[in-house]
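Reviewing the structure listed below.
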Amino acid sequence: MDFELSEEQKDVKKAAREFARGEFDNDRASELELQLGFPTEIWKKACRLGFIGIYIPEEYGGQGLGFLENILVIEEFCRKDSRIGSALGFADLGTEILCAYGSEEQKKFYLVPVVRGESLSTVAFDEPETLPTEGIKHGENILICGVKRFVLNGGNAGYYLVPFQMDGRVSIILIEKDRQGIEFIPQEKMGMKMVSTGELQFKNVSVPMDHLIGEEEKDFYILENFISQTHLRLGAQGLGIAQGAFDRGLDYGKQREQFSRKLIQFQIIRHRLAEMATRIEMVRLLVYKAAWLIDIGRMDPKLCAMARASSGDLVVDVVDEALQIFGGYGYMRETEIEHFYRDAWLVDIFGGKSNLRDSIAKWVTG
Amino acid sequence: MEIYFKEEHEIFRKTIQSFIEKEILPLVDEAEEKEKFPVELFPKMGSQGFLCIRVPKTYGGRDGDKIMECIAIEELTKGSSGITSAFTTHGGLATDPILRFGSEDQKQRYLVPAVKGEKIGAFGLTEPDAGSDAASLRATAEKRLGGYLINGTKTFITNGPICHYVIVAAYTDVTKKGSGINLFIVDRENPGFSVVKKLTKLGHRSTETGELSFDDCWVPKEQMIGDQEGGGFNQIEYTLRSGRISTGARCIGLARSILEESMYYVRNAKKQGRMVGRSQSVRFSLAEMAMYLDVMKAITYRCAWLYDCGKVTMKDAAIVKLFCTETLCKMAYDGLRLQGGEAYLNSNLMQRLLRDSRLHRIPEGTSEIQHLLIFNELGI
Ligand SMILES: Cc1cc2nc3c(=O)[nH]c(=O)nc-3n(C[C@H](O)[C@H](O)[C@H](O)COP(=O)(O)OP(=O)(O)OC[C@H]3O[C@@H](n4cnc5c(N)ncnc54)[C@H](O)[C@@H]3O)c2cc1C
C-alpha cells in the first residue's frame, strides 16, 4: 500500500494552487458571474500551462498525465474559487472518451483545439426518459433527432458527444456545434453560473458516419466509463469546494470575536471544524483512490459512484456549516462563502441523488 | 391545531390568503429578480389592517393576538418569504418597542402611521462587530442640548434602505455593559442618518437590507423609548421573544411550500409516465416532510398561545426558533435532493425556497445562541 502522491503529482497540485492564487480574482469573478460569463482569459492561460486536458497524450498537445492529475487540478481550482474552478473543471468534458475510443483522425481534429484553448468540449447526456435521442442512417450520414437536457458547456462548446439510439443500440456520435438543425436553449441556474447550461435540440441534424465514436460493440463501456469519470470530476469539485469553504470558515473563525473570544475558542465551533476536516480527509482518500484505479487500468465504477455520492454529501454539509460560522456575513453576496453555497449543490444533485444511490446499491447488494 | 384557532382566526386566514393571491403574488418574481421591494404594498397592507396585527384599535390596529399574527406571517411567507421579511420586521421589531414601551406621543407619531403603512420602520441592533454579542455594540448616544447625539454603524438592517424611521440601539452609559443601552427612534430625514449601502444576499432578495450610519445624529429626548436612561436591553429581549415565535410561523410558510413543490414534482412526474412516487426513498422523504411540518405547526401555535396567555418564557420561544429553523433547512435539502438537477434551475421555485430557508438559522439569535438560551433556563 502506498498513499503517497508521486513527486510529479505533488508538483502538479502545487502548480495548480499557485496558478489559482495568482490568476483568480474574486471581484472580477463576481462581475463575470452576474453576467453569466465564461472566464475566457484564465482558461486560455490554463490551457497554455497545460492544466486543461492534462491526461491527453502529448502527441495531441496534452501532458500525457493521468486522470488523478486532472482531479488534483480541479480540486485546487475549486478550492480557490468554486465558480472559475467548476468552469475550468468542465472545459475538457468528454475528451476522455475521445482519448480512449476515438479514431486517430478524431483525436487529431478534436483534442488539439481543447488543449490549445480554442474550443470547449462536452457530452450531451441527460434526456427525458420518454424521449430518447434517435438516429437514422441516410446515405453516408446519420440523421440525429432528440433533446438533451442540462448540457454543461452547452452554449459554448465547439462540439458535443451525443449518445443516441440506432437499430436498438446505443451509439455515440460527435456533432460540431455549427451543424444545421441544432438549437441551444439556455437554462439559468442557482449556481455554477460560469458553466453555460441548457437544453440542446437536434432536429434532423445530419452527421457523417465517420463521426461515430468507437467500435460499436464497446459503446456500453464507453458510456459507463464516461459516467464514472464524470462522477470523479464532480467528486473533485465537491472536494475542492468543501476544502475552500473550510479554509474560509477556519480563517474567519480565527479572526472574528464575539463575547471577547475568537469564534474558534467556542468548543462547538472547534468540534465542527474538526468534524469537517475529518470528513474532507475521508472523501479525499476515496476520490484519489478511484482516480488512481483508473490510471492503473482498473477503473472501479462502484468506487467512482461512491466517491461522488460522498463528495456531494460532504460539500453540502461543509458549505452549510462554514456559512453558519460567518453568521450574517455568510448570507451576503460580498462574502465568498455565498457562492460556494450555491455552487456546491450541483455536485450533490446533478443527475439525481437517488439514481446515484440506486446504482451504488446495485453493486453493493449484487 | 384546532385547539388554538377560533373561528375569527379561520376567517382571517381566508381573508389574507385572497389578498396575497391578488396583490402580492403577481409582484414576487420581479421583486426577487430586481432585488427591489415593492413599497406600494405597505399602504395596501395597512388599509386592510394586515401590518401590525396586535396594535389596539385606539391606534388604528385590529387588536389581534399573537396567533393571528402568526397566521398572517405564515400565509404571507407561503406567498413570498422575501417580501414577508419586510412586513415581519415592520410589524414586530420596528413597532413592538413603541407599542409596549413608547410614549403616547411616539405612538401617535410612529405607531399610527406604521399601522396604516404610511411609515415604514426598521430596527437597528446589529453592528459590524457586534452580532450575537449584542451587548458589545459600540453605538453611543451622548446627552447634548436637551437631546442625544447618536454615533455608530448598524448593519444587515432589514428595510434599512426603504425605511422612514429606524429604532436604533445605542449606549447612553458606556460604563454599564448591557444595562446602559437605550432605544431611540431616528427619522430618515435626520441629517446625521444615511444608508451606507444596500446589501445583496443569498436569498430574500426582494427584501431590502442595508448598512446604516449615524454620524453626529442629534435627536430630541422625546425620541428615546422609555423615560429613563438604561434598560433598553430588556426592551430588546422582550421584542425578540415575540420575534422568535414569528420566525416559527415563517418557517411553517416555507415548509408548506417545500412540501407542496415536492408533491407537485412527484405528481407531475407520474403524469409524464415516470414513477418517481414508487421510490421508497421519495416516499420516506415526503413522509418526513409532512411530519416535520406538523410538529412545526404544533410548537409554534402552542407558543403563540402561551404568549397570548402571558405565560411564554424565552426558553419556549427559543425552542420554537431552533427547532423550526433547523428542521426547515433539512426539509429544503431533502426537497432539492428529491428533484435532482431540475431543482437547480432558476425556473424552479425549489432553489429559491432553499436560499430563503437558509436564512433563519442566523438572525434574531443564531441557532447556537438559541441553544445557550434554552440551556440557561434549564436551571443547572
Ligand atoms: C438577512 C438578514 C437580516 C437581518 N436583519 C436585521 C435587522 O433588521 N436588525 C438587526 O439588528 N439585525 C439584523 N440581522 C443581523 C442578525 O441578527 C445577525 O446576523 C445575527 O445576530 C448574528 O450576528 P453576526 O452576523 O454578527 O454573527 P456572529 O455573532 O459573528 O456569529 C458568527 C458565528 O459564531 C457563532 N457564535 C457566536 N457566539 C457564540 C457562542 N457564544 N457560542 C457558540 N457559537 C457562537 C454564531 O452562532 C455564528 O455561527 C440580519 C441578518 C441577516 C442575515
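If you're wondering about the labels, chains in the C-alpha cells are A, B, ... by order shown, residues count from 1 in each chain, ligands from 1 in order shown.
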| message | Show me, as JSON, numbers by chain, the residues of chain B whose atoms get within 9 Å of chain A, using only C-alpha atoms for the distance check. | response | {"B": [129, 130, 131, 132, 133, 134, 135, 136, 156, 199, 200, 201, 202, 203, 272, 273, 274, 279, 281, 282, 333, 336, 337, 338, 339, 340, 341, 342, 343, 344, 345, 346, 347, 351, 352, 355, 358, 359, 361, 362, 363, 366, 367, 368]}
Using only C-alpha atoms, please write the residues we just selected to a file, as a short mmCIF file (atom, residue, chain, number, x, y, z; two decimals), in the first residue's frame.
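Output contents, as saved in out-v5.cif:
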data_model
loop_
_atom_site.label_atom_id
_atom_site.label_comp_id
_atom_site.auth_asym_id
_atom_site.auth_seq_id
_atom_site.Cartn_x
_atom_site.Cartn_y
_atom_site.Cartn_z
CA ASP B 129 -18.50 43.89 15.17
CA ALA B 130 -21.50 43.13 17.39
CA GLY B 131 -23.93 40.40 16.32
CA SER B 132 -24.56 37.53 18.69
CA ASP B 133 -22.92 39.54 21.43
CA ALA B 134 -25.30 42.46 21.12
CA ALA B 135 -24.21 43.99 24.44
CA SER B 136 -20.82 44.71 22.89
CA PHE B 156 -27.79 43.82 8.00
CA LEU B 199 -26.56 44.60 0.66
CA THR B 200 -27.19 41.80 -1.83
CA LYS B 201 -27.99 38.42 -0.40
CA LEU B 202 -28.17 34.68 -0.98
CA GLY B 203 -31.94 34.75 -0.55
CA GLN B 272 -45.23 12.10 -17.69
CA GLY B 273 -45.07 8.37 -17.08
CA ARG B 274 -42.18 8.44 -14.63
CA SER B 279 -39.37 5.06 -4.98
CA SER B 281 -36.70 6.98 -0.69
CA VAL B 282 -39.07 9.54 -2.19
CA TYR B 333 -32.18 19.97 1.48
CA LEU B 336 -33.59 19.62 -3.54
CA ARG B 337 -32.32 16.05 -3.47
CA LEU B 338 -35.76 14.73 -4.29
CA GLN B 339 -35.91 16.67 -7.56
CA GLY B 340 -32.25 16.45 -8.52
CA GLY B 341 -30.83 18.73 -11.22
CA GLU B 342 -34.21 20.24 -12.02
CA ALA B 343 -34.34 21.92 -8.63
CA TYR B 344 -31.13 23.74 -9.52
CA LEU B 345 -32.72 25.72 -12.34
CA ASN B 346 -33.88 29.27 -11.71
CA SER B 347 -37.20 28.43 -13.32
CA GLN B 351 -33.91 26.76 -5.45
CA ARG B 352 -35.44 29.98 -4.13
CA ARG B 355 -31.95 30.13 -0.46
CA ARG B 358 -31.15 29.02 4.83
CA LEU B 359 -31.56 32.46 6.39
CA ARG B 361 -30.73 29.94 11.41
CA ILE B 362 -28.92 33.30 11.55
CA PRO B 363 -30.95 36.41 12.54
CA THR B 366 -28.30 32.20 15.65
CA SER B 367 -29.04 28.54 16.30
CA GLU B 368 -26.01 28.44 18.57
#
| query | Which residues, written as a list in words, have at least one atom at most 12 Å from Pro113 (chain B), with only C-alpha atoms counted and residues fewer than 4 positions away on the same chain left out? | reply |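 Near neighbours after the sequence-gap exclusion: Phe42, Pro43, Gly46, Ser47, Gly49, Leu51, Cys52, Val55, Tyr59, Gly60, Gly61, His90, Gly91, Thr95, Gln106, Lys107, Gln108, Arg109, Gly117, Glu118, Lys119, Ile120, Gly121, His164 and Tyr165 of chain B.
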Go ahead and dump the residues you just picked, C-alpha atoms, as a short mmCIF file (atom, residue, chain, number, x, y, z; two decimals), in the first residue's frame.
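Writing done, so here's selection.cif:
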data_model
loop_
_atom_site.label_atom_id
_atom_site.label_comp_id
_atom_site.auth_asym_id
_atom_site.auth_seq_id
_atom_site.Cartn_x
_atom_site.Cartn_y
_atom_site.Cartn_z
CA PHE B 42 -47.19 48.90 2.58
CA PRO B 43 -50.26 51.19 2.32
CA GLY B 46 -52.10 48.81 6.04
CA SER B 47 -55.52 49.65 4.69
CA GLY B 49 -55.17 46.02 8.75
CA LEU B 51 -49.45 45.20 9.10
CA CYS B 52 -49.28 45.44 12.87
CA VAL B 55 -51.90 47.00 17.85
CA TYR B 59 -54.10 53.34 17.42
CA GLY B 60 -55.87 52.13 14.31
CA GLY B 61 -54.87 48.48 14.72
CA HIS B 90 -42.12 46.28 10.45
CA GLY B 91 -44.92 44.67 12.45
CA THR B 95 -43.17 48.69 16.17
CA GLN B 106 -44.46 58.34 19.97
CA LYS B 107 -47.47 56.14 19.43
CA GLN B 108 -49.31 58.94 17.67
CA ARG B 109 -46.34 59.95 15.55
CA GLY B 117 -48.41 51.62 6.12
CA GLU B 118 -47.65 55.30 5.70
CA LYS B 119 -44.38 54.96 7.54
CA ILE B 120 -42.03 52.01 7.12
CA GLY B 121 -39.99 51.02 10.15
CA HIS B 164 -38.94 56.19 7.16
CA TYR B 165 -37.64 55.65 10.65
#
| query | Separation of CA of Thr89 (chain B) and CA of Lys311 (chain B), in Å? | reply | 23.2 Å
| field | Spatial neighbours of Thr230 (chain A), max dist 12 Å, only C-alpha atoms, sep filter under 3 positions, as number ranges by chain | value | A: 67, 70-71, 89-90, 92-97, 122-123, 125, 152, 223-227, 233-237, 287, 290-291, 301, 304-305, 307-308, 347, 350-351
| query | Per DSSP on the backbone, what are the strand (DSSP E or B) residues of region 117-365 of chain B, as a VMD selection string? | reply | chain B and resid 121 to 124 127 130 140 to 144 147 to 158 165 to 171 181 to 187 193 to 199 201 209 to 220 224 to 225 345
| request: Give the helix (DSSP H, G or I) residues of region 76-266 of chain A, as DSSP finds them on the backbone, and put them as JSON, numbers by chain. | output: {"A": [76, 77, 78, 79, 80, 82, 83, 84, 85, 86, 87, 88, 89, 95, 96, 97, 98, 99, 100, 101, 104, 105, 106, 107, 108, 109, 110, 112, 113, 114, 115, 116, 209, 210, 211, 216, 217, 218, 219, 220, 221, 222, 223, 224, 225, 226, 227, 228, 229, 230, 231, 232, 233, 234, 235, 236, 237, 238, 239, 240, 241, 242, 243, 244, 245, 246, 247, 248, 249, 250, 251, 252, 253, 254, 255, 263, 264, 265]}
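Shortest separation to Ala94 (chain B) among B:Gly124, B:Gly310, B:Gly335, B:Gly365 occurs at residue B:Gly124, atoms counted being only C-alpha atoms.
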| Shell around Ser194 (chain B) at 7 Å using only C-alpha atoms, local window under 3 positions removed, as a PyMOL selection string | chain B and resi 212-214
| task | Using only C-alpha atoms and all ligand atoms, pick whichever of B:Thr88, B:Ser179, B:Gln48, B:Thr325 has the shortest atom-to-atom distance to ligand 1. | result | B:Thr88
| query | For Tyr171 (chain B), which residue out of B:Phe323, B:Phe233, B:Phe123, B:Tyr110 is the nearest one, using only C-alpha atoms? | reply |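 Of the candidates, the smallest distance to Tyr171 (chain B) is held by B:Phe233.
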| said: With only C-alpha atoms as the counted atoms, please give the residues lying no more than 10 Å from Asp167 (chain A), apart from itself and same-chain residues fewer than 4 positions off, as a VMD selection string. | reply: chain A and resid 134 to 137 171
Selection from above, N, CA, C and O atoms, as a PDB file, in the first residue's frame, can you write it?
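New file out_38.pdb:
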ATOM      1  N   GLU A 134     -32.643   9.763 -31.178  1.00  0.00           N
ATOM      2  CA  GLU A 134     -32.560   8.669 -32.152  1.00  0.00           C
ATOM      3  C   GLU A 134     -31.798   9.063 -33.402  1.00  0.00           C
ATOM      4  O   GLU A 134     -31.729  10.243 -33.748  1.00  0.00           O
ATOM      5  N   GLY A 135     -31.215   8.073 -34.035  1.00  0.00           N
ATOM      6  CA  GLY A 135     -30.500   8.301 -35.289  1.00  0.00           C
ATOM      7  C   GLY A 135     -31.021   7.382 -36.381  1.00  0.00           C
ATOM      8  O   GLY A 135     -31.426   6.261 -36.104  1.00  0.00           O
ATOM      9  N   ILE A 136     -31.035   7.895 -37.621  1.00  0.00           N
ATOM     10  CA  ILE A 136     -31.410   7.061 -38.766  1.00  0.00           C
ATOM     11  C   ILE A 136     -30.313   7.201 -39.821  1.00  0.00           C
ATOM     12  O   ILE A 136     -29.837   8.318 -40.079  1.00  0.00           O
ATOM     13  N   LYS A 137     -29.938   6.045 -40.427  1.00  0.00           N
ATOM     14  CA  LYS A 137     -28.932   6.104 -41.497  1.00  0.00           C
ATOM     15  C   LYS A 137     -29.540   6.765 -42.726  1.00  0.00           C
ATOM     16  O   LYS A 137     -30.693   6.534 -43.084  1.00  0.00           O
ATOM     17  N   SER A 171     -25.302   4.275 -29.471  1.00  0.00           N
ATOM     18  CA  SER A 171     -24.008   4.647 -30.045  1.00  0.00           C
ATOM     19  C   SER A 171     -23.703   6.078 -29.619  1.00  0.00           C
ATOM     20  O   SER A 171     -24.559   6.775 -29.084  1.00  0.00           O
TER      21      SER A 171
END
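Here CA of Ser311 (chain A) is placed at a distance of 28.7 Å from CA of Glu260 (chain B).
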| Which one of A:Met306, A:Lys362, A:Gln255, A:Ile294 sits closest to ligand 1 if you count only C-alpha atoms and all ligand atoms? | A:Gln255
| request: Could you give me, as a PyMOL selection string, the residues within 12 Å of Trp292 (chain A), counting only C-alpha atoms and dropping anything in the same chain fewer than 6 positions from it? | output: chain A and resi 2-6+9+65-72+229+232+284-286+298-300+303-304
| Given the choices B:Pro220, B:Gly82, B:Gly277, B:Gly230, which gets closest to ligand 1 if the distance is worked out from only C-alpha atoms and all ligand atoms? |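 With only C-alpha atoms and all ligand atoms as the atom set, the closest residue is B:Gly82.
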| message | Need the shell around Ala242 (chain A): protein/DNA/RNA residues with any atom at most 10 Å away, counting only C-alpha atoms. Skip same-chain ones fewer than 2 positions apart. Format as a ChimeraX atom specification? | response | /A:75,78-79,82,236-240,244-248,276-277,279-280,311-312,314-320,322,340-341,344
| field | Nearest to Cys217 (chain B), chosen from B:Leu240, B:Cys309, B:Leu76, B:Ala170, with only C-alpha atoms counted in the distances | value | B:Ala170
